[in-house]
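Asker: Handing over run_14.cif, mmCIF, C-alpha atoms (C1' of nucleotides).
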data_structure
loop_
_atom_site.label_atom_id
_atom_site.label_comp_id
_atom_site.auth_asym_id
_atom_site.auth_seq_id
_atom_site.Cartn_x
_atom_site.Cartn_y
_atom_site.Cartn_z
CA MET A 1 4.34 -19.77 -11.26
CA GLU A 2 5.88 -20.93 -14.52
CA ASN A 3 2.54 -21.90 -15.90
CA ARG A 4 1.10 -18.52 -15.13
CA ILE A 5 3.97 -16.91 -16.97
CA GLN A 6 3.32 -19.25 -19.83
CA ARG A 7 -0.31 -18.21 -19.88
CA ILE A 8 0.62 -14.55 -19.92
CA LYS A 9 3.08 -15.20 -22.70
CA GLU A 10 0.30 -16.70 -24.74
CA THR A 11 -1.92 -13.74 -24.03
CA LEU A 12 0.78 -11.42 -25.29
CA GLN A 13 1.45 -13.46 -28.37
CA GLY A 14 -2.22 -13.75 -29.08
CA ALA A 15 -2.19 -10.00 -29.47
CA GLN A 16 1.02 -9.88 -31.50
CA TYR A 17 3.29 -8.91 -28.63
CA LYS A 18 6.44 -10.60 -27.38
CA LEU A 19 7.41 -11.63 -23.91
CA THR A 20 10.74 -9.82 -23.86
CA PRO A 21 13.16 -10.33 -20.98
CA GLN A 22 12.13 -6.99 -19.53
CA ARG A 23 8.49 -7.90 -19.70
CA GLU A 24 9.14 -11.28 -18.18
CA VAL A 25 11.03 -9.84 -15.24
CA THR A 26 8.23 -7.36 -14.70
CA VAL A 27 5.64 -10.10 -14.74
CA ARG A 28 7.70 -12.13 -12.27
CA VAL A 29 7.86 -9.22 -9.88
CA LEU A 30 4.11 -8.84 -10.11
CA LEU A 31 3.57 -12.52 -9.44
CA GLU A 32 5.94 -12.52 -6.49
CA ASN A 33 4.16 -9.57 -4.95
CA GLU A 34 0.68 -10.52 -5.81
CA ARG A 35 -0.76 -9.52 -2.46
CA ASP A 36 0.77 -6.06 -2.40
CA HIS A 37 -0.63 -3.35 -4.55
CA LEU A 38 2.49 -2.03 -6.16
CA SER A 39 2.83 1.31 -7.85
CA ALA A 40 4.76 1.68 -11.09
CA GLU A 41 7.69 3.03 -9.11
CA ASP A 42 7.54 0.07 -6.69
CA VAL A 43 7.56 -2.34 -9.58
CA PHE A 44 10.41 -0.48 -11.22
CA LEU A 45 12.60 -0.69 -8.12
CA LYS A 46 11.99 -4.40 -7.68
CA VAL A 47 12.55 -5.09 -11.35
CA LYS A 48 15.76 -3.12 -11.22
CA ASP A 49 17.23 -5.54 -8.70
CA LYS A 50 16.93 -8.33 -11.22
CA TYR A 51 17.53 -6.35 -14.37
CA PRO A 52 19.42 -3.15 -13.58
CA GLU A 53 19.50 -1.75 -17.11
CA ILE A 54 15.74 -1.43 -17.32
CA GLY A 55 14.22 2.01 -17.67
CA LEU A 56 11.20 3.33 -15.83
CA ALA A 57 9.43 4.04 -19.09
CA THR A 58 9.63 0.40 -20.08
CA VAL A 59 7.98 -0.59 -16.84
CA TYR A 60 5.22 1.92 -17.45
CA ARG A 61 4.78 0.65 -20.97
CA THR A 62 4.64 -2.94 -19.81
CA LEU A 63 2.12 -2.19 -17.08
CA GLU A 64 0.01 -0.28 -19.54
CA LEU A 65 0.15 -3.12 -22.03
CA LEU A 66 -0.75 -5.74 -19.48
CA SER A 67 -3.64 -3.63 -18.32
CA GLU A 68 -4.99 -3.41 -21.83
CA LEU A 69 -4.76 -7.16 -22.12
CA LYS A 70 -6.66 -7.50 -18.84
CA VAL A 71 -3.80 -9.32 -17.21
CA LEU A 72 -3.60 -6.49 -14.73
CA ASP A 73 -6.06 -4.07 -13.28
CA LYS A 74 -4.95 -0.52 -12.74
CA ILE A 75 -6.38 0.77 -9.52
CA ASN A 76 -6.35 3.95 -7.61
CA PHE A 77 -6.80 4.25 -3.89
CA GLY A 78 -6.83 8.02 -3.82
CA ASP A 79 -3.19 8.68 -3.07
CA GLY A 80 -1.72 10.14 -6.21
CA VAL A 81 -0.42 6.93 -7.75
CA SER A 82 -1.81 4.14 -9.86
CA ARG A 83 -1.37 0.67 -8.53
CA TYR A 84 -1.45 -2.58 -10.41
CA ASP A 85 -3.16 -5.74 -9.42
CA LEU A 86 -2.97 -9.09 -11.16
CA ARG A 87 -6.29 -10.54 -12.16
CA LYS A 88 -6.87 -13.99 -10.85
CA GLU A 89 -6.83 -16.64 -13.54
CA GLY A 90 -10.19 -16.78 -15.15
CA ALA A 91 -11.64 -14.17 -12.86
CA GLU A 92 -14.47 -12.56 -14.68
CA HIS A 93 -14.54 -9.63 -12.36
CA PHE A 94 -12.21 -7.45 -10.50
CA HIS A 95 -11.86 -8.39 -6.86
CA HIS A 96 -12.83 -6.12 -4.01
CA HIS A 97 -10.67 -4.26 -1.55
CA LEU A 98 -10.84 -3.33 2.09
CA VAL A 99 -8.73 -0.26 2.77
CA CYS A 100 -7.95 0.53 6.39
CA MET A 101 -8.16 4.24 7.06
CA GLU A 102 -5.88 3.98 10.07
CA CYS A 103 -2.93 1.87 8.97
CA GLY A 104 -3.47 1.91 5.22
CA ALA A 105 -3.45 -1.87 4.88
CA VAL A 106 -5.30 -3.26 1.90
CA GLU A 107 -7.01 -6.62 2.10
CA GLU A 108 -8.57 -8.39 -0.82
CA ILE A 109 -11.85 -10.17 -1.12
CA GLU A 110 -12.03 -12.78 -3.79
CA GLU A 111 -15.60 -13.73 -3.22
CA ASP A 112 -18.01 -12.07 -5.57
CA LEU A 113 -20.51 -10.33 -3.38
CA LEU A 114 -22.25 -8.31 -6.01
CA GLY A 115 -24.35 -10.80 -7.92
CA ASP A 116 -27.65 -9.51 -6.61
CA VAL A 117 -26.62 -5.92 -6.83
CA GLU A 118 -25.65 -6.35 -10.46
CA LYS A 119 -29.03 -7.80 -11.26
CA ILE A 120 -30.66 -4.72 -9.78
CA VAL A 121 -28.44 -2.43 -11.81
CA GLU A 122 -29.11 -4.32 -15.02
CA ASN A 123 -32.85 -4.46 -14.52
CA ASP A 124 -33.67 -1.17 -12.85
CA TYR A 125 -31.13 1.03 -14.59
CA ASN A 126 -30.84 -0.74 -17.94
CA PHE A 127 -27.11 -0.76 -17.59
CA LYS A 128 -25.19 -3.72 -18.94
CA VAL A 129 -22.56 -4.47 -16.33
CA LEU A 130 -19.22 -5.68 -17.64
CA ASP A 131 -17.08 -5.10 -14.59
CA HIS A 132 -17.16 -3.45 -11.22
CA ARG A 133 -14.91 -1.94 -8.64
CA LEU A 134 -15.80 -2.01 -5.02
CA THR A 135 -13.69 -0.67 -2.20
CA PHE A 136 -14.67 -0.42 1.42
CA HIS A 137 -13.02 2.16 3.61
CA GLY A 138 -12.98 1.50 7.31
CA VAL A 139 -10.98 -0.04 10.12
CA CYS A 140 -9.25 -3.38 9.80
CA ARG A 141 -9.29 -6.06 12.44
CA ASP A 142 -5.83 -5.21 13.78
CA CYS A 143 -6.55 -1.54 14.19
CA GLN A 144 -9.85 -2.28 15.91
CA GLU A 145 -7.99 -4.43 18.44
CA ARG A 146 -5.27 -1.88 18.86
CA SER A 147 -7.73 0.84 19.75
CA ARG A 148 -9.55 -1.48 22.11
CA LYS A 149 -6.34 -1.98 24.10
CA LYS A 150 -5.68 1.70 24.59
CA MET B 1 -29.80 26.24 -3.50
CA GLU B 2 -29.38 29.05 -1.00
CA ASN B 3 -30.16 26.76 1.87
CA ARG B 4 -27.56 24.28 0.76
CA ILE B 5 -25.00 27.05 0.63
CA GLN B 6 -26.09 28.07 4.08
CA ARG B 7 -25.59 24.53 5.31
CA ILE B 8 -22.13 24.37 3.81
CA LYS B 9 -21.31 27.71 5.37
CA GLU B 10 -22.22 26.30 8.74
CA THR B 11 -20.10 23.24 8.14
CA LEU B 12 -17.15 25.46 7.36
CA GLN B 13 -17.70 27.69 10.35
CA GLY B 14 -18.15 24.68 12.58
CA ALA B 15 -14.59 23.82 11.71
CA GLN B 16 -13.28 27.38 12.06
CA TYR B 17 -13.23 28.17 8.39
CA LYS B 18 -14.85 31.04 6.55
CA LEU B 19 -17.05 31.04 3.51
CA THR B 20 -14.98 33.50 1.54
CA PRO B 21 -16.25 34.88 -1.78
CA GLN B 22 -13.90 32.56 -3.62
CA ARG B 23 -15.17 29.57 -1.71
CA GLU B 24 -18.75 30.59 -2.23
CA VAL B 25 -18.34 30.91 -5.97
CA THR B 26 -16.66 27.53 -6.05
CA VAL B 27 -19.49 25.95 -4.10
CA ARG B 28 -22.02 27.53 -6.42
CA VAL B 29 -20.31 26.09 -9.43
CA LEU B 30 -20.34 22.68 -7.80
CA LEU B 31 -24.03 22.97 -7.00
CA GLU B 32 -24.87 24.14 -10.50
CA ASN B 33 -23.04 21.20 -12.00
CA GLU B 34 -23.99 18.60 -9.50
CA ARG B 35 -24.55 15.91 -12.08
CA ASP B 36 -21.30 16.43 -13.91
CA HIS B 37 -18.19 15.02 -12.24
CA LEU B 38 -15.94 18.03 -12.62
CA SER B 39 -12.19 17.99 -12.37
CA ALA B 40 -10.33 20.74 -10.52
CA GLU B 41 -9.51 22.32 -13.84
CA ASP B 42 -13.15 22.18 -14.93
CA VAL B 43 -14.21 23.85 -11.72
CA PHE B 44 -11.49 26.45 -12.08
CA LEU B 45 -12.61 27.44 -15.57
CA LYS B 46 -16.23 27.75 -14.53
CA VAL B 47 -15.35 29.69 -11.41
CA LYS B 48 -13.20 32.00 -13.45
CA ASP B 49 -16.21 33.14 -15.44
CA LYS B 50 -17.78 34.48 -12.30
CA TYR B 51 -14.68 35.52 -10.46
CA PRO B 52 -11.83 36.10 -12.91
CA GLU B 53 -9.15 36.97 -10.36
CA ILE B 54 -9.25 33.57 -8.73
CA GLY B 55 -6.18 31.36 -8.89
CA LEU B 56 -6.10 27.68 -9.63
CA ALA B 57 -4.40 26.98 -6.32
CA THR B 58 -7.31 28.48 -4.44
CA VAL B 59 -9.69 26.17 -6.22
CA TYR B 60 -7.52 23.20 -5.36
CA ARG B 61 -7.35 24.31 -1.75
CA THR B 62 -11.08 24.80 -1.57
CA LEU B 63 -11.80 21.42 -3.09
CA GLU B 64 -9.36 19.80 -0.72
CA LEU B 65 -10.94 21.54 2.25
CA LEU B 66 -14.46 20.59 1.25
CA SER B 67 -13.36 17.01 0.80
CA GLU B 68 -11.94 16.92 4.31
CA LEU B 69 -15.21 18.26 5.62
CA LYS B 70 -17.06 15.53 3.70
CA VAL B 71 -18.99 18.06 1.70
CA LEU B 72 -17.36 16.64 -1.39
CA ASP B 73 -16.03 13.28 -2.37
CA LYS B 74 -12.90 13.12 -4.39
CA ILE B 75 -13.19 10.40 -6.96
CA ASN B 76 -11.07 8.92 -9.61
CA PHE B 77 -12.37 7.20 -12.69
CA GLY B 78 -8.99 6.12 -13.96
CA ASP B 79 -8.18 8.96 -16.29
CA GLY B 80 -5.39 10.92 -14.69
CA VAL B 81 -7.53 13.49 -12.89
CA SER B 82 -9.40 13.72 -9.64
CA ARG B 83 -13.04 14.62 -9.86
CA TYR B 84 -15.25 16.05 -7.20
CA ASP B 85 -18.72 15.04 -6.34
CA LEU B 86 -21.07 16.72 -3.88
CA ARG B 87 -22.40 14.48 -1.18
CA LYS B 88 -26.14 14.45 -0.94
CA GLU B 89 -27.46 16.11 2.17
CA GLY B 90 -27.34 13.71 5.03
CA ALA B 91 -26.02 10.88 2.90
CA GLU B 92 -24.14 8.54 5.12
CA HIS B 93 -22.42 6.90 2.24
CA PHE B 94 -20.92 7.76 -1.01
CA HIS B 95 -23.22 7.11 -3.91
CA HIS B 96 -22.47 4.66 -6.67
CA HIS B 97 -21.55 5.25 -10.28
CA LEU B 98 -22.27 3.61 -13.58
CA VAL B 99 -19.54 4.43 -16.06
CA CYS B 100 -20.26 3.71 -19.69
CA MET B 101 -17.22 2.27 -21.42
CA GLU B 102 -18.46 3.37 -24.84
CA CYS B 103 -19.54 6.96 -24.44
CA GLY B 104 -17.98 7.74 -21.08
CA ALA B 105 -21.23 8.92 -19.50
CA VAL B 106 -21.45 8.64 -15.75
CA GLU B 107 -24.75 7.95 -14.09
CA GLU B 108 -25.32 8.03 -10.38
CA ILE B 109 -27.21 5.68 -8.17
CA GLU B 110 -28.48 7.14 -4.95
CA GLU B 111 -29.99 4.00 -3.61
CA ASP B 112 -27.78 2.18 -1.16
CA LEU B 113 -27.46 -1.30 -2.53
CA LEU B 114 -24.74 -2.54 -0.27
CA GLY B 115 -26.45 -3.11 3.07
CA ASP B 116 -26.22 -6.87 2.91
CA VAL B 117 -22.77 -6.85 1.45
CA GLU B 118 -21.52 -4.66 4.25
CA LYS B 119 -22.88 -7.02 6.83
CA ILE B 120 -20.92 -9.83 5.24
CA VAL B 121 -17.75 -7.79 5.24
CA GLU B 122 -18.19 -6.79 8.86
CA ASN B 123 -18.96 -10.29 10.04
CA ASP B 124 -16.79 -12.49 7.88
CA TYR B 125 -13.80 -10.23 7.54
CA ASN B 126 -13.94 -8.35 10.84
CA PHE B 127 -13.67 -5.10 8.99
CA LYS B 128 -15.53 -2.09 10.32
CA VAL B 129 -17.00 -0.40 7.27
CA LEU B 130 -17.14 3.38 7.37
CA ASP B 131 -17.64 4.12 3.71
CA HIS B 132 -17.58 2.46 0.35
CA ARG B 133 -17.04 3.20 -3.28
CA LEU B 134 -18.71 1.21 -5.94
CA THR B 135 -18.43 1.77 -9.64
CA PHE B 136 -19.84 -0.39 -12.37
CA HIS B 137 -18.24 -0.37 -15.78
CA GLY B 138 -20.37 -1.38 -18.68
CA VAL B 139 -22.69 -0.13 -21.38
CA CYS B 140 -25.37 2.46 -20.69
CA ARG B 141 -28.88 2.28 -22.00
CA ASP B 142 -28.27 4.68 -24.86
CA CYS B 143 -25.23 2.88 -26.16
CA GLN B 144 -27.01 -0.45 -25.98
CA GLU B 145 -29.78 0.95 -28.14
CA ARG B 146 -27.34 2.55 -30.49
CA SER B 147 -25.54 -0.71 -31.15
CA ARG B 148 -28.83 -2.53 -31.56
CA LYS B 149 -29.74 -0.22 -34.44
CA LYS B 150 -26.55 -0.82 -36.37
"C1'" DC C 1 16.92 -5.81 -43.38
"C1'" DT C 2 12.88 -4.80 -40.97
"C1'" DC C 3 10.32 -3.62 -37.17
"C1'" DG C 4 8.97 -3.90 -32.57
"C1'" DC C 5 11.09 -2.87 -28.11
"C1'" DT C 6 14.08 -0.41 -25.14
"C1'" DG C 7 16.70 3.25 -22.50
"C1'" DC C 8 17.38 7.82 -21.80
"C1'" DA C 9 16.18 12.42 -21.57
"C1'" DA C 10 13.00 15.82 -22.31
"C1'" DA C 11 8.17 17.06 -22.19
"C1'" DT C 12 3.67 17.08 -20.26
"C1'" DT C 13 0.10 17.07 -16.83
"C1'" DA C 14 -1.81 17.32 -12.32
"C1'" DT C 15 -1.21 18.99 -7.99
"C1'" DT C 16 1.26 21.26 -4.11
"C1'" DT C 17 3.90 24.71 -1.82
"C1'" DG C 18 6.42 29.20 -0.51
"C1'" DC C 19 5.76 33.66 0.10
"C1'" DA C 20 4.30 38.39 0.19
"C1'" DT C 21 0.01 40.66 0.35
"C1'" DA C 22 -4.98 41.59 1.02
"C1'" DG C 23 -8.90 41.18 3.97
"C1'" DA C 24 -11.77 40.23 7.93
"C1'" DT C 25 -12.49 40.58 12.97
"C1'" DA D 1 -2.81 43.96 15.14
"C1'" DT D 2 -3.56 39.32 14.23
"C1'" DC D 3 -4.30 35.57 11.54
"C1'" DT D 4 -6.48 33.31 7.75
"C1'" DA D 5 -7.00 33.09 2.92
"C1'" DT D 6 -5.43 34.35 -1.63
"C1'" DG D 7 -2.77 34.89 -6.09
"C1'" DC D 8 1.17 34.02 -8.42
"C1'" DA D 9 5.10 31.60 -9.56
"C1'" DA D 10 8.03 28.01 -8.73
"C1'" DA D 11 8.50 23.25 -7.22
"C1'" DT D 12 7.22 18.51 -7.17
"C1'" DA D 13 5.40 14.11 -8.66
"C1'" DA D 14 3.56 10.93 -11.84
"C1'" DT D 15 3.35 9.61 -16.30
"C1'" DT D 16 4.15 10.04 -21.35
"C1'" DT D 17 6.67 10.76 -25.50
"C1'" DG D 18 10.51 11.45 -29.07
"C1'" DC D 19 14.15 9.36 -30.82
"C1'" DA D 20 18.34 6.75 -31.82
"C1'" DG D 21 20.05 2.23 -31.20
"C1'" DC D 22 19.52 -2.85 -30.26
"C1'" DG D 23 18.07 -7.41 -31.26
"C1'" DA D 24 15.09 -11.25 -32.91
"C1'" DG D 25 13.17 -13.39 -36.99
#
Produce structure tokens that represent the structure in this file.
Answerer:
Amino acid sequence: MENRIQRIKETLQGAQYKLTPQREVTVRVLLENERDHLSAEDVFLKVKDKYPEIGLATVYRTLELLSELKVLDKINFGDGVSRYDLRKEGAEHFHHHLVCMECGAVEEIEEDLLGDVEKIVENDYNFKVLDHRLTFHGVCRDCQERSRKK
Amino acid sequence: MENRIQRIKETLQGAQYKLTPQREVTVRVLLENERDHLSAEDVFLKVKDKYPEIGLATVYRTLELLSELKVLDKINFGDGVSRYDLRKEGAEHFHHHLVCMECGAVEEIEEDLLGDVEKIVENDYNFKVLDHRLTFHGVCRDCQERSRKK
DNA sequence: CTCGCTGCAAATTATTTGCATAGAT
DNA sequence: ATCTATGCAAATAATTTGCAGCGAG
């Protein structure tokens, strides 16, 4: 945990930004909720517990900044809000998501499944791939079992 | 063109909805701009040329309705707006996109490249895949050539 | 002292909703 | 007549911005 914060601090400083207390608390909340895909509002509420004076705009500005620095990915599952997802250390690519259409749960896939597909895109379409976003919509294990029981 | 409208009319009627003049004009605009990924506002402005009395809310409602009926897919490229994309006739899945990070161009890939990947997700993650969204971010052919010339 | 960073409030943007009316069957 | 669909305006929701003050170097 501390070393990841340290790494993020260095990323900020490398781009002439400071790790202010507000930014640090925000980063801690993101690290502590790494598996959830928090919206700006979600982050704000959690940050507020630890640092009540913070303003929503600061959280937005921090999330925006961290996205630019590729510490976070800003994602959008189609409900009206942006969500923020920490990149894994050293992850070249964005990870994939499985969104359950029944219960709304979001699972992550770390494994990079797109190696072959990217080659096809690069060769057949002459498109230089720098990143990708892949989301599957369907029914998660739990909901499949639940409907089997009925 | 006319036959696609006819097909969409049947889809609407199959779900107890009518193809009103407003809806028809909206569908025509979508068909005429099939390659472009229009926002609701974009659609509204184009529809207004042909049917000036229409209200923005009607366009939103029509787009929403057509999305529910799977005639359209609502997509989000990360700028703040939703965009709408006609499904190809009989396409089981959403098509893929190549978004150029330099010029912003969006290219489509019809080919379904994810067959194998879906099998892995279904087997290894016990997730029943119903649809997917895949977007590659990178540099399109034109921008690659442009930077080569510099 | 300077300058980036913050909090607050106001502004902006996208989208949705309430409601009275028009239109089709 | 009934009931859906529409246009308009107002409401809501998410995000951004202007600005005065704070705080570290």
Asker: For the PyMOL selection byres ((chain A) within 9 of (chain D)), applied here, can you spell out every residue it catches as a ChimeraX atom specification?
Answerer: /A:57,60,80-82
Asker: I'd like to see the residues matched by the PyMOL selection byres ((chain A) within 9 of (chain C)) on this file, and ideally I'd get them as a ChimeraX atom specification.
Answerer: /A:17-18,20,22,53-58
Asker: Using the chain letters and numbers from this file, what does the PyMOL selection byres ((chain B) within 7 of (chain A)) select? Give the answer as a ChimeraX atom specification.
Answerer: /B:113,117,126-141
Asker: Go ahead and fit an axis-aligned box to every listed atom of stretch 86-105 of chain A plus 4 Å each side, and pass me the centre and edge lengths in Å, one decimal, as lines of an AutoDock Vina configuration file.
Answerer:
center_x = -8.7
center_y = -6.3
center_z = -2.5
size_x = 19.6
size_y = 29.0
size_z = 33.2
Asker: Could you work out how far atom CA of B:Arg148 lies from atom CA of A:Gly14, giving the answer in Å with one decimal?
Answerer: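 These atoms are spaced 29.0 Å apart.
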Asker: Could you tell me how far atom CA of A:Phe44 lies from atom CA of A:Glu108, in Å and to one decimal?
Answerer: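 Straight-line distance from atom CA of A:Phe44 to atom CA of A:Glu108 works out to 23.0 Å.
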Asker: Using all atoms listed in the file, determine which residues lie at most 7 Å from A:Leu86, disregarding the query and same-chain residues fewer than 3 positions distant; provide the list as a ChimeraX atom specification.
Answerer: /A:34,71-73
Asker: Show me, as a list in words, the residues that have an atom within 12 Å of B:Glu89 when counting only C-alpha atoms (C1' of nucleotides), minus same-chain residues fewer than 3 positions from it.
Answerer: Met1, Asn3, Arg4, Ile5, Arg7, Ile8, Thr11, Leu31, Lys70, Val71, Leu72, Leu86, Glu92, His93, Phe94, His95 and Glu110 of chain B
Asker: So what do you get for atom CA of A:Val106 versus atom CA of A:Arg28, distance-wise?
Answerer: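 Computed distance, atom CA of A:Val106 to atom CA of A:Arg28, equals 21.2 Å.
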Asker: Starting from the incomplete input, reconstruct N, CA and C atoms of stretch 107-119 of chain A and write that as a PDB file, in the coordinates of the input.
Answerer:
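For reference, rebuild.pdb as written:
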ATOM      1  N   GLU A 107      -6.700  -5.195   2.130  1.00  0.00           N
ATOM      2  CA  GLU A 107      -7.010  -6.620   2.100  1.00  0.00           C
ATOM      3  C   GLU A 107      -7.856  -6.871   0.861  1.00  0.00           C
ATOM      4  N   GLU A 108      -7.791  -8.080   0.372  1.00  0.00           N
ATOM      5  CA  GLU A 108      -8.570  -8.390  -0.820  1.00  0.00           C
ATOM      6  C   GLU A 108      -9.689  -9.352  -0.500  1.00  0.00           C
ATOM      7  N   ILE A 109     -10.750  -9.220  -1.217  1.00  0.00           N
ATOM      8  CA  ILE A 109     -11.850 -10.170  -1.120  1.00  0.00           C
ATOM      9  C   ILE A 109     -12.037 -10.807  -2.472  1.00  0.00           C
ATOM     10  N   GLU A 110     -11.870 -12.104  -2.504  1.00  0.00           N
ATOM     11  CA  GLU A 110     -12.030 -12.780  -3.790  1.00  0.00           C
ATOM     12  C   GLU A 110     -13.482 -13.015  -4.115  1.00  0.00           C
ATOM     13  N   GLU A 111     -14.177 -13.419  -3.106  1.00  0.00           N
ATOM     14  CA  GLU A 111     -15.600 -13.730  -3.220  1.00  0.00           C
ATOM     15  C   GLU A 111     -16.356 -12.649  -4.013  1.00  0.00           C
ATOM     16  N   ASP A 112     -17.215 -13.076  -4.875  1.00  0.00           N
ATOM     17  CA  ASP A 112     -18.010 -12.070  -5.570  1.00  0.00           C
ATOM     18  C   ASP A 112     -19.301 -11.819  -4.812  1.00  0.00           C
ATOM     19  N   LEU A 113     -19.380 -10.633  -4.251  1.00  0.00           N
ATOM     20  CA  LEU A 113     -20.510 -10.330  -3.380  1.00  0.00           C
ATOM     21  C   LEU A 113     -21.601  -9.550  -4.092  1.00  0.00           C
ATOM     22  N   LEU A 114     -21.386  -9.284  -5.366  1.00  0.00           N
ATOM     23  CA  LEU A 114     -22.250  -8.310  -6.010  1.00  0.00           C
ATOM     24  C   LEU A 114     -23.276  -8.889  -6.979  1.00  0.00           C
ATOM     25  N   GLY A 115     -23.414 -10.184  -6.975  1.00  0.00           N
ATOM     26  CA  GLY A 115     -24.350 -10.800  -7.920  1.00  0.00           C
ATOM     27  C   GLY A 115     -25.728 -10.176  -7.891  1.00  0.00           C
ATOM     28  N   ASP A 116     -26.301 -10.066  -6.720  1.00  0.00           N
ATOM     29  CA  ASP A 116     -27.650  -9.510  -6.610  1.00  0.00           C
ATOM     30  C   ASP A 116     -27.687  -8.046  -6.992  1.00  0.00           C
ATOM     31  N   VAL A 117     -26.658  -7.346  -6.551  1.00  0.00           N
ATOM     32  CA  VAL A 117     -26.620  -5.920  -6.830  1.00  0.00           C
ATOM     33  C   VAL A 117     -26.547  -5.685  -8.339  1.00  0.00           C
ATOM     34  N   GLU A 118     -25.761  -6.501  -9.007  1.00  0.00           N
ATOM     35  CA  GLU A 118     -25.650  -6.350 -10.460  1.00  0.00           C
ATOM     36  C   GLU A 118     -26.983  -6.580 -11.151  1.00  0.00           C
ATOM     37  N   LYS A 119     -27.719  -7.543 -10.648  1.00  0.00           N
ATOM     38  CA  LYS A 119     -29.030  -7.800 -11.260  1.00  0.00           C
ATOM     39  C   LYS A 119     -29.910  -6.560 -11.144  1.00  0.00           C
TER      40      LYS A 119
END
